[in-house]
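In what follows, a structure is listed as structure tokens, so that the remarks can point back to it.
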Amino acid sequence: MNIALMASGGDCSGMNPATKRFVEYSLEKNITPYFIYEGLEGLIDGKIKKASYTDVSGIIYRGGTIIRSSRSKRFYEKKYRKKAYENLLKYNIDTVVVMGGDGSFRALEILSDEFGINFIGIPATIDNDIYGTEYCLGVDTALNVIRSAVDDIRDTASSFNRAFVIETMGRECGYLALITALTSGAEMCLIPEASYNLDSLKKKFLKQINEGRKYFIAIVAEGLKISKEIKEWFEREIGFESRMTVLGHIQRGGNPTVFDRLAAFEFVSCAIDLAIKGEKRKIVVYKNSKFNSIDSKIVTSNTYKIDERLIHLAKDMME
Ligand code: F6P
């Protein structure tokens, strides 16, 4: 049996430990592991290579992905998908294990519909926005990178009378912002999934200033696209000098946390076991503290929703 691993879309920390486990567990199960380099772009261009132990030694602690990734526009043209299929055929690849978001799973579904290629998906995105799984690879590392940045900003924030607006990634999903706000002692948390009330926040903040508050930390999810507006709001309505920090791509870096290394191990072991059993078009998911799998279609035809309980915990930072 020949099995290939690829990363697609935004990379995340945890992909390298997953890659290491992929090679080692495949070999243990007498499966031949292949790498598809540079995601869907590399698949189209035939960047496929048999993998060995030596490829994965010394990578477990590294962020990013040694097999690299891409966002591919060409893949959405049939002639390039045919090339991708022919490349897989050349190496007799039975199953592709893809680490990525639901956009990547959708891409593999198309390839599977058209050419019968099998795939197993591993949710891997810092956004934590994939339906059917409570956890996506890379989220814990991203949260720790953000926590460290917010802690550092707090050092300078606490030296001035200022408001700091910090924008986190996550596309349309506010998970990173929400968990960050809850765990960093922020005063404000704005995410696309929850309503907010600037008037009541203003009343609360002015009262707190009267009582001695010296600075504010506001966490705003990028999906709202209002970070600049909130910075100006602090200056105009609260009367505090403000600074805005867009954390950006540092959130995708950093060496994988212990949690992500272990999650990588579990996600990949489960994916390979599914391939061995001949399971088709599955996504490995983490639910109720267990790794399991569900049909790809269920994942790609539904939308992730943040646990309402978590939103409820952050309500006083929203209104
Ligand atoms: O999906 C992961 C992610 O990091 C999002 O949080 C962010 O909006 C996007 O990718 C950034 O994409 P790019 O690296 O292509 O700029």
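Chain identifiers are assigned as A, B, and so on, following the order in which chains appear in the structure tokens; residues are numbered from 1 within each chain, and ligands are numbered from 1 in order of appearance.
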
Counting only C-alpha atoms, what is within 9 Å of region 89-95 of chain A, bar same-chain residues fewer than 4 positions away, as a PyMOL selection string? chain A and resi 1-5+34+48-50+84-85+117-120+275+280

Residues just named, written with N, CA and C atoms as a compact mmCIF listing (two decimals), in the first residue's frame:
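Saved file again-v4.txt follows:
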# COMPACT_ATOMS: atom_id res chain seq x y z
N MET A 1 0.83 -1.19 0.00
CA MET A 1 0.00 0.00 0.00
C MET A 1 0.88 1.26 0.00
N ASN A 2 0.52 2.22 -0.83
CA ASN A 2 1.25 3.49 -0.88
C ASN A 2 0.36 4.61 -0.39
N ILE A 3 0.89 5.40 0.51
CA ILE A 3 0.09 6.47 1.11
C ILE A 3 0.89 7.77 1.05
N ALA A 4 0.20 8.87 0.76
CA ALA A 4 0.93 10.15 0.64
C ALA A 4 0.38 11.17 1.62
N LEU A 5 1.28 12.02 2.09
CA LEU A 5 0.89 13.09 3.01
C LEU A 5 1.09 14.43 2.34
N TYR A 34 4.74 8.45 1.18
CA TYR A 34 5.20 9.45 0.20
C TYR A 34 4.87 10.84 0.73
N ILE A 48 6.32 14.84 -5.84
CA ILE A 48 6.01 13.70 -4.96
C ILE A 48 7.30 12.90 -4.78
N LYS A 49 7.53 12.48 -3.52
CA LYS A 49 8.78 11.75 -3.26
C LYS A 49 8.54 10.71 -2.16
N LYS A 50 9.17 9.56 -2.34
CA LYS A 50 9.08 8.53 -1.29
C LYS A 50 9.75 9.08 -0.03
N ALA A 84 -2.96 16.39 -11.55
CA ALA A 84 -2.77 15.95 -10.16
C ALA A 84 -3.06 14.45 -10.04
N TYR A 85 -4.16 14.04 -10.65
CA TYR A 85 -4.55 12.63 -10.60
C TYR A 85 -3.48 11.75 -11.27
N ILE A 117 -9.96 9.02 -6.33
CA ILE A 117 -8.85 9.05 -5.35
C ILE A 117 -9.40 9.04 -3.92
N ASN A 118 -8.82 8.23 -3.05
CA ASN A 118 -9.28 8.25 -1.66
C ASN A 118 -8.46 9.26 -0.85
N PHE A 119 -9.05 9.80 0.19
CA PHE A 119 -8.30 10.70 1.07
C PHE A 119 -8.83 10.61 2.50
N ILE A 120 -7.94 10.94 3.41
CA ILE A 120 -8.30 11.06 4.83
C ILE A 120 -7.83 12.46 5.25
N ALA A 275 -6.99 4.33 6.82
CA ALA A 275 -6.56 3.95 5.47
C ALA A 275 -6.35 2.43 5.38
N LYS A 280 -13.00 5.26 3.41
CA LYS A 280 -12.91 6.24 2.33
C LYS A 280 -13.43 7.61 2.76

Per residue of chain A within 12 Å of ligand 1, what are the shortest atom pair and its distance in Å to one decimal, counting only C-alpha atoms and all ligand atoms, with rows by chain and residue number, as CSV?
residue,atom,partner,partner_atom_place_in_ligand_line,distance
A:Ser8,CA,ligand 1,1 (O),10.2
A:Gly9,CA,ligand 1,1 (O),7.0
A:Gly10,CA,ligand 1,2 (C),4.7
A:Asp11,CA,ligand 1,2 (C),7.2
A:Cys12,CA,ligand 1,2 (C),8.0
A:Ser13,CA,ligand 1,4 (O),11.4
A:Gly64,CA,ligand 1,14 (O),11.7
A:Ser69,CA,ligand 1,14 (O),10.3
A:Ser70,CA,ligand 1,15 (O),8.5
A:Arg71,CA,ligand 1,15 (O),7.2
A:Ser72,CA,ligand 1,15 (O),10.6
A:Gly100,CA,ligand 1,1 (O),8.8
A:Gly101,CA,ligand 1,1 (O),7.4
A:Asp102,CA,ligand 1,1 (O),10.0
A:Gly103,CA,ligand 1,1 (O),9.7
A:Ser104,CA,ligand 1,1 (O),10.9
A:Pro123,CA,ligand 1,1 (O),11.3
A:Ala124,CA,ligand 1,1 (O),9.2
A:Thr125,CA,ligand 1,2 (C),5.8
A:Ile126,CA,ligand 1,2 (C),5.8
A:Asp127,CA,ligand 1,6 (O),5.3
A:Asn128,CA,ligand 1,1 (O),8.9
A:Asp129,CA,ligand 1,1 (O),8.8
A:Ile130,CA,ligand 1,1 (O),10.7
A:Cys136,CA,ligand 1,1 (O),11.3
A:Leu137,CA,ligand 1,2 (C),11.6
A:Gly138,CA,ligand 1,2 (C),10.2
A:Val139,CA,ligand 1,2 (C),10.3
A:Ala142,CA,ligand 1,4 (O),9.8
A:Leu143,CA,ligand 1,6 (O),12.0
A:Glu167,CA,ligand 1,6 (O),10.9
A:Thr168,CA,ligand 1,6 (O),7.9
A:Met169,CA,ligand 1,6 (O),4.1
A:Gly170,CA,ligand 1,6 (O),3.6
A:Arg171,CA,ligand 1,8 (O),4.3
A:Glu172,CA,ligand 1,8 (O),8.0
A:Cys173,CA,ligand 1,6 (O),8.4
A:Gly174,CA,ligand 1,6 (O),9.8
A:Tyr175,CA,ligand 1,6 (O),10.3
A:Leu176,CA,ligand 1,6 (O),9.0
A:Ala177,CA,ligand 1,6 (O),10.9
A:Ala221,CA,ligand 1,6 (O),9.6
A:Glu222,CA,ligand 1,8 (O),7.3
A:Gly223,CA,ligand 1,8 (O),7.9
A:Leu224,CA,ligand 1,8 (O),11.4
A:Lys225,CA,ligand 1,8 (O),11.1
A:Val246,CA,ligand 1,8 (O),11.6
A:Leu247,CA,ligand 1,6 (O),10.6
A:Gly248,CA,ligand 1,4 (O),7.8
A:His249,CA,ligand 1,4 (O),6.7
A:Ile250,CA,ligand 1,4 (O),9.4
A:Gln251,CA,ligand 1,4 (O),7.4
A:Arg252,CA,ligand 1,4 (O),6.3
A:Gly253,CA,ligand 1,4 (O),10.0

Between A:Asp151, A:Glu235, A:Glu134, A:Asp260, which residue has the minimum interatomic distance to Asn292 (chain A), considering only C-alpha atoms?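 Once distances to Asn292 (chain A) are computed over only C-alpha atoms, the minimum belongs to A:Glu134.
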
So which residues touch Ala181 (chain A) within 9 Å, counting only C-alpha atoms, skipping near sequence neighbours fewer than 2 positions away, as a VMD selection string? chain A and resid 176 to 179 183 to 189 217 to 220 314 317

Would you mind listing what lies within 9 Å of Pro17 (chain A) as a ChimeraX atom specification, with only C-alpha atoms counted and same-chain residues fewer than 2 positions away left out? /A:13-15,19-22,56,59-63,256,260-262,264-265

Select, from A:Ser301, A:Ser159, A:Asn87, A:Asn30, the residue with the minimum atom-to-atom distance to Ile44 (chain A), counting only C-alpha atoms.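 Of the candidates, the smallest distance to Ile44 (chain A) is held by A:Asn87.
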
Do you have the CA of Ala7 (chain A)-CA of Phe105 (chain A) distance handy? 10.9 Å

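Closest approach to Ser26 (chain A) among A:Ile272, A:Leu88, A:Met318, A:Leu313 is made by A:Ile272 (distances from only C-alpha atoms).
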
Which neighbours of Val285 (chain A) fall inside 7 Å, counting only C-alpha atoms, when residues of the same chain fewer than 6 positions from it are skipped, and could you give them as a list in words? Gly132, Thr133, Phe291, Asn292 and Ser293 of chain A

Based on the selection just made, write C-alpha atoms of those residues as a compact mmCIF listing (two decimals), in the first residue's frame.
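Once written, out_28.txt looks like this:
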# COMPACT_ATOMS: atom_id res chain seq x y z
CA GLY A 132 -17.30 18.07 13.65
CA THR A 133 -14.09 18.50 15.63
CA PHE A 291 -10.14 10.75 18.28
CA ASN A 292 -12.62 9.36 15.82
CA SER A 293 -13.69 9.89 12.22

Have a look at A:Phe234, A:Phe240, A:Tyr304, A:Tyr135 and name the one nearest to Leu198 (chain A); count only C-alpha atoms.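 Among the listed residues, A:Phe234 lies closest to Leu198 (chain A).
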
Residues of region 57-164 of chain A classed as helix (DSSP H, G or I) by DSSP on the backbone are to be reported as a PyMOL selection string. chain A and resi 74-76+78-90+102-115+139-157

Residues from the last selection, C-alpha atoms, saved as a PDB file, in the first residue's frame:
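To be explicit, this is the file written out as part-v6.pdb:
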ATOM      1  CA  ARG A  74      -4.933  26.205 -10.615  1.00  0.00           C
ATOM      2  CA  PHE A  75      -6.541  23.267  -8.831  1.00  0.00           C
ATOM      3  CA  TYR A  76      -9.969  24.699  -9.632  1.00  0.00           C
ATOM      4  CA  LYS A  78     -10.133  20.555 -14.450  1.00  0.00           C
ATOM      5  CA  LYS A  79      -7.021  20.216 -16.648  1.00  0.00           C
ATOM      6  CA  TYR A  80      -4.800  20.732 -13.589  1.00  0.00           C
ATOM      7  CA  ARG A  81      -6.802  18.309 -11.479  1.00  0.00           C
ATOM      8  CA  LYS A  82      -6.255  15.719 -14.200  1.00  0.00           C
ATOM      9  CA  LYS A  83      -2.518  16.369 -13.925  1.00  0.00           C
ATOM     10  CA  ALA A  84      -2.768  15.948 -10.156  1.00  0.00           C
ATOM     11  CA  TYR A  85      -4.553  12.627 -10.603  1.00  0.00           C
ATOM     12  CA  GLU A  86      -1.994  11.392 -13.149  1.00  0.00           C
ATOM     13  CA  ASN A  87       0.808  12.199 -10.734  1.00  0.00           C
ATOM     14  CA  LEU A  88      -0.819  10.136  -8.001  1.00  0.00           C
ATOM     15  CA  LEU A  89      -1.299   7.310 -10.481  1.00  0.00           C
ATOM     16  CA  LYS A  90       2.388   7.401 -11.405  1.00  0.00           C
ATOM     17  CA  ASP A 102     -12.282  22.355   5.172  1.00  0.00           C
ATOM     18  CA  GLY A 103     -11.377  24.149   1.923  1.00  0.00           C
ATOM     19  CA  SER A 104      -8.637  21.559   1.436  1.00  0.00           C
ATOM     20  CA  PHE A 105     -11.044  18.730   2.244  1.00  0.00           C
ATOM     21  CA  ARG A 106     -13.452  20.123  -0.355  1.00  0.00           C
ATOM     22  CA  ALA A 107     -10.653  20.149  -2.922  1.00  0.00           C
ATOM     23  CA  LEU A 108      -9.873  16.490  -2.238  1.00  0.00           C
ATOM     24  CA  GLU A 109     -13.570  15.646  -2.488  1.00  0.00           C
ATOM     25  CA  ILE A 110     -13.586  17.043  -6.007  1.00  0.00           C
ATOM     26  CA  LEU A 111     -10.537  14.962  -6.933  1.00  0.00           C
ATOM     27  CA  SER A 112     -12.178  11.935  -5.378  1.00  0.00           C
ATOM     28  CA  ASP A 113     -15.477  12.508  -7.219  1.00  0.00           C
ATOM     29  CA  GLU A 114     -13.734  12.916 -10.546  1.00  0.00           C
ATOM     30  CA  PHE A 115     -11.009  10.295 -10.365  1.00  0.00           C
ATOM     31  CA  VAL A 139      -4.551  25.729  17.811  1.00  0.00           C
ATOM     32  CA  ASP A 140      -2.829  25.226  21.151  1.00  0.00           C
ATOM     33  CA  THR A 141       0.501  26.468  19.814  1.00  0.00           C
ATOM     34  CA  ALA A 142      -1.164  29.507  18.226  1.00  0.00           C
ATOM     35  CA  LEU A 143      -2.969  30.280  21.487  1.00  0.00           C
ATOM     36  CA  ASN A 144       0.284  30.092  23.416  1.00  0.00           C
ATOM     37  CA  VAL A 145       2.051  32.349  20.913  1.00  0.00           C
ATOM     38  CA  ILE A 146      -0.796  34.847  21.249  1.00  0.00           C
ATOM     39  CA  ARG A 147      -0.810  34.544  25.048  1.00  0.00           C
ATOM     40  CA  SER A 148       2.871  35.325  25.154  1.00  0.00           C
ATOM     41  CA  ALA A 149       2.428  38.357  22.864  1.00  0.00           C
ATOM     42  CA  VAL A 150      -0.487  39.677  24.927  1.00  0.00           C
ATOM     43  CA  ASP A 151       1.482  39.188  28.154  1.00  0.00           C
ATOM     44  CA  ASP A 152       4.328  41.208  26.622  1.00  0.00           C
ATOM     45  CA  ILE A 153       1.993  43.958  25.471  1.00  0.00           C
ATOM     46  CA  ARG A 154       0.538  44.046  28.973  1.00  0.00           C
ATOM     47  CA  ASP A 155       4.012  44.885  30.336  1.00  0.00           C
ATOM     48  CA  THR A 156       4.106  48.110  28.386  1.00  0.00           C
ATOM     49  CA  ALA A 157       0.352  48.711  28.738  1.00  0.00           C
TER      50      ALA A 157
END

Val284 (chain A) proximity check over A:Leu206, A:Ile230, A:Met99, A:Ala194, using only C-alpha atoms: winner is A:Met99

In Å, how far is it from CA of Asn288 (chain A) to CA of Ile191 (chain A)?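 Result for CA of Asn288 (chain A) versus CA of Ile191 (chain A): 24.7 Å, one decimal.
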